[in-house]
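**Student:** First the structure, then my questions, so here it is.
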Amino acid sequence: QVQLVESGGGLVQAGGSLRLSCAASGRTFSSHAMGWFRQAPGKERELVAAISRSGVGTYHTDSVKGRFTISRDNAKNTMYLQMNTLKPEDTAVYYCAAKFSGTSSTYYIIPGSYPYWGQGTQVTVSS
(Lines give C-alpha, C1' and ligand atoms only; values in the text may rest on other atoms or scores of the structure.)
Protein backbone atom coordinates (compact mmCIF):
# COMPACT_ATOMS: atom_id res chain seq x y z
CA GLN A 1 0.00 0.00 0.00
CA VAL A 2 1.27 3.45 -0.95
CA GLN A 3 -0.23 6.67 0.32
CA LEU A 4 0.36 9.85 -1.67
CA VAL A 5 -0.05 13.48 -0.66
CA GLU A 6 0.26 16.33 -3.16
CA SER A 7 1.18 19.88 -2.26
CA GLY A 8 2.32 23.08 -3.93
CA GLY A 9 -0.78 24.05 -5.86
CA GLY A 10 -2.21 27.53 -5.83
CA LEU A 11 -3.18 30.60 -7.83
CA VAL A 12 -0.61 32.06 -10.21
CA GLN A 13 -0.64 34.51 -13.09
CA ALA A 14 -0.02 33.35 -16.63
CA GLY A 15 3.70 33.06 -17.27
CA GLY A 16 4.41 32.21 -13.65
CA SER A 17 5.78 29.05 -12.07
CA LEU A 18 4.80 26.51 -9.47
CA ARG A 19 6.43 23.35 -8.16
CA LEU A 20 4.20 20.51 -7.12
CA SER A 21 5.36 17.84 -4.71
CA CYS A 22 4.04 14.36 -4.12
CA ALA A 23 5.12 12.77 -0.84
CA ALA A 24 4.80 9.01 -0.56
CA SER A 25 4.55 6.88 2.54
CA GLY A 26 6.28 3.57 3.05
CA ARG A 27 9.68 2.16 2.17
CA THR A 28 8.83 1.03 -1.34
CA PHE A 29 8.75 4.38 -3.12
CA SER A 30 11.79 3.48 -5.19
CA SER A 31 9.97 0.39 -6.48
CA HIS A 32 7.15 2.44 -7.96
CA ALA A 33 6.86 4.27 -11.23
CA MET A 34 5.03 7.56 -10.80
CA GLY A 35 2.89 9.92 -12.79
CA TRP A 36 1.29 13.35 -12.69
CA PHE A 37 -2.22 13.67 -14.07
CA ARG A 38 -4.65 16.58 -14.22
CA GLN A 39 -8.36 17.02 -14.57
CA ALA A 40 -10.07 20.24 -15.56
CA PRO A 41 -13.79 20.81 -14.96
CA GLY A 42 -15.86 18.88 -17.46
CA LYS A 43 -12.86 17.09 -18.90
CA GLU A 44 -11.36 13.65 -18.50
CA ARG A 45 -8.29 13.06 -16.39
CA GLU A 46 -5.20 13.29 -18.57
CA LEU A 47 -1.55 12.40 -18.22
CA VAL A 48 0.83 15.29 -17.72
CA ALA A 49 4.11 13.47 -17.12
CA ALA A 50 5.42 10.11 -16.00
CA ILE A 51 8.68 8.86 -14.54
CA SER A 52 10.24 5.44 -14.04
CA ARG A 53 11.11 4.15 -10.61
CA SER A 54 14.77 5.09 -11.04
CA GLY A 55 14.04 8.44 -12.67
CA VAL A 56 15.93 7.43 -15.80
CA GLY A 57 12.84 7.21 -17.94
CA THR A 58 10.56 10.24 -18.25
CA TYR A 59 7.65 11.27 -20.42
CA HIS A 60 5.95 14.63 -20.86
CA THR A 61 2.79 15.13 -22.83
CA ASP A 62 3.17 17.41 -25.83
CA SER A 63 1.24 20.31 -24.34
CA VAL A 64 3.71 20.68 -21.46
CA LYS A 65 7.00 19.79 -23.16
CA GLY A 66 9.59 22.50 -22.60
CA ARG A 67 7.53 24.01 -19.77
CA PHE A 68 7.08 21.24 -17.18
CA THR A 69 9.67 18.88 -15.75
CA ILE A 70 9.00 15.74 -13.75
CA SER A 71 11.59 14.49 -11.30
CA ARG A 72 11.91 12.41 -8.17
CA ASP A 73 14.11 12.04 -5.12
CA ASN A 74 13.93 8.46 -3.91
CA ALA A 75 15.89 9.30 -0.76
CA LYS A 76 13.10 11.70 0.20
CA ASN A 77 10.20 9.56 -1.06
CA THR A 78 9.07 12.54 -3.10
CA MET A 79 8.20 13.29 -6.70
CA TYR A 80 8.08 16.77 -8.19
CA LEU A 81 6.55 18.62 -11.09
CA GLN A 82 8.24 21.90 -11.92
CA MET A 83 5.81 23.99 -13.93
CA ASN A 84 7.08 27.06 -15.75
CA THR A 85 5.47 29.47 -18.20
CA LEU A 86 2.05 28.48 -16.94
CA LYS A 87 -0.98 29.09 -19.13
CA PRO A 88 -4.67 29.46 -18.23
CA GLU A 89 -5.31 26.11 -19.93
CA ASP A 90 -3.08 24.45 -17.31
CA THR A 91 -5.77 25.17 -14.72
CA ALA A 92 -6.87 21.86 -13.22
CA VAL A 93 -6.68 19.61 -10.21
CA TYR A 94 -3.33 17.84 -10.35
CA TYR A 95 -2.99 14.30 -9.05
CA CYS A 96 0.01 12.11 -8.47
CA ALA A 97 -0.18 8.37 -8.92
CA ALA A 98 2.01 5.36 -8.24
CA LYS A 99 2.38 1.89 -9.73
CA PHE A 100 4.75 -0.89 -8.72
CA SER A 101 7.28 -1.46 -11.47
CA GLY A 102 9.58 -4.41 -12.03
CA THR A 103 11.92 -2.47 -14.30
CA SER A 104 14.00 0.61 -13.58
CA SER A 105 13.37 2.48 -16.82
CA THR A 106 9.69 1.87 -17.56
CA TYR A 107 7.08 4.59 -17.14
CA TYR A 108 3.35 4.25 -17.59
CA ILE A 109 1.03 6.63 -19.44
CA ILE A 110 -2.38 5.03 -18.96
CA PRO A 111 -4.32 6.35 -15.91
CA GLY A 112 -6.01 3.00 -15.38
CA SER A 113 -2.67 1.28 -14.84
CA TYR A 114 -2.05 3.21 -11.61
CA PRO A 115 -3.61 1.71 -8.47
CA TYR A 116 -2.52 4.42 -6.03
CA TRP A 117 -3.64 8.05 -6.19
CA GLY A 118 -3.33 11.18 -4.13
CA GLN A 119 -6.20 13.50 -3.26
CA GLY A 120 -5.17 16.21 -5.71
CA THR A 121 -4.03 19.80 -5.52
CA GLN A 122 -5.68 22.71 -7.33
CA VAL A 123 -3.67 24.77 -9.79
CA THR A 124 -5.32 27.92 -11.09
CA VAL A 125 -3.65 30.11 -13.71
CA SER A 126 -5.16 33.52 -14.26
CA SER A 127 -4.85 35.40 -17.54
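Following the order of the C-alpha coordinates, chains are lettered A, B, ..., residues in each are numbered from 1, and ligands are numbered from 1.
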For Pro111 of chain A, please output as a ChimeraX atom specification all residues within 12 Å (counting only C-alpha atoms; exclusion window: fewer than 2 positions along the same chain).
**Tutor:** /A:34-39,44-50,95-99,107-109,113-117
**Student:** Show which residues sit within 6 Å of segment 8-15 of chain A, as number ranges by chain. Count only C-alpha atoms, and ignore same-chain residues fewer than 3 positions away.
**Tutor:** A: 19-20, 85-87, 121-127
**Student:** Name the closest residue to Gly42 of chain A among the candidates A:Glu6, A:Ala92, A:Tyr80, A:Arg67; distances are taken between atoms, counting only C-alpha atoms.
**Tutor:** A:Ala92
**Student:** Rounded to one decimal in Å, what is the spacing between atom CA of Ser25 of chain A and atom CA of His60 of chain A?
**Tutor:**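 Separation between atom CA of Ser25 of chain A and atom CA of His60 of chain A: 24.7 Å.
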**Student:** Take atom CA of Ser63 of chain A and atom CA of Phe29 of chain A and report the distance between them in Å, one decimal.
**Tutor:**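 Value for the atom CA of Ser63 of chain A-atom CA of Phe29 of chain A distance: 27.6 Å.
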**Student:** What is the distance, in Å and to one decimal place, between atom CA of Leu81 of chain A and atom CA of Thr69 of chain A?
**Tutor:** 5.6 Å
**Student:** Counting only C-alpha atoms, figure out which residue out of A:Met83, A:Ala33, A:Ile70, A:Ala40 gets nearest to Ser105 of chain A.
**Tutor:**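 Of all the options, A:Ala33 lies closest to Ser105 of chain A.
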**Student:** For Arg72 of chain A, list every protein, DNA or RNA residue within 8 Å, evaluated using only C-alpha atoms, and leave out those in the same chain fewer than 3 positions away; present the list as a PyMOL selection string.
**Tutor:** chain A and resi 51+55+77-80
**Student:** Among the residues of segment 10-125 of chain A, find those DSSP assigns to helix (DSSP H, G or I) from the backbone and print them as a PyMOL selection string.
**Tutor:** chain A and resi 29-31+62-64+74-76+88-90+111-113
**Student:** So that I can see what lies close to Ser101 of chain A, please list as a ChimeraX atom specification the residues with an atom at most 8 Å from it, counting only C-alpha atoms and leaving out residues fewer than 5 positions away in the same chain.
**Tutor:** /A:31-33,52-53,106
**Student:** So that I have them on file, write out the residues from the current selection with N, CA, C and O atoms, as an mmCIF file, in the first residue's frame.
**Tutor:**
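Result file follows (again.cif):
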```
data_model
loop_
_atom_site.group_PDB
_atom_site.id
_atom_site.type_symbol
_atom_site.label_atom_id
_atom_site.label_comp_id
_atom_site.auth_asym_id
_atom_site.auth_seq_id
_atom_site.Cartn_x
_atom_site.Cartn_y
_atom_site.Cartn_z
ATOM 1 N N SER A 31 10.434 1.514 -5.669
ATOM 2 C CA SER A 31 9.973 0.392 -6.484
ATOM 3 C C SER A 31 8.781 0.761 -7.353
ATOM 4 O O SER A 31 8.246 -0.092 -8.066
ATOM 5 N N HIS A 32 8.357 2.014 -7.272
ATOM 6 C CA HIS A 32 7.150 2.441 -7.965
ATOM 7 C C HIS A 32 7.444 3.483 -9.042
ATOM 8 O O HIS A 32 8.146 4.462 -8.786
ATOM 9 N N ALA A 33 6.914 3.224 -10.216
ATOM 10 C CA ALA A 33 6.859 4.269 -11.232
ATOM 11 C C ALA A 33 5.770 5.253 -10.820
ATOM 12 O O ALA A 33 4.817 4.884 -10.116
ATOM 13 N N SER A 52 9.950 6.807 -14.465
ATOM 14 C CA SER A 52 10.236 5.438 -14.043
ATOM 15 C C SER A 52 10.680 5.418 -12.586
ATOM 16 O O SER A 52 10.963 6.458 -11.990
ATOM 17 N N ARG A 53 10.792 4.249 -12.034
ATOM 18 C CA ARG A 53 11.112 4.146 -10.608
ATOM 19 C C ARG A 53 12.512 4.682 -10.295
ATOM 20 O O ARG A 53 12.749 5.165 -9.198
ATOM 21 N N THR A 106 11.034 1.830 -16.974
ATOM 22 C CA THR A 106 9.690 1.871 -17.558
ATOM 23 C C THR A 106 8.807 2.893 -16.873
ATOM 24 O O THR A 106 8.755 2.945 -15.643
#
```
**Student:** Please determine, counting only C-alpha atoms, which residue among A:Ser54, A:Cys22, A:Tyr94, A:Thr103 has the shortest atom-to-atom distance to Pro41 of chain A.
**Tutor:**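 Using only C-alpha atoms, the shortest distance to Pro41 of chain A belongs to A:Tyr94.
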**Student:** Here is a test: counting only C-alpha atoms, which residue of A:Ile110, A:Ala23, A:Val2, A:Val56 is nearest to Ala75 of chain A?
**Tutor:**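 Among the listed residues, A:Ala23 lies closest to Ala75 of chain A.
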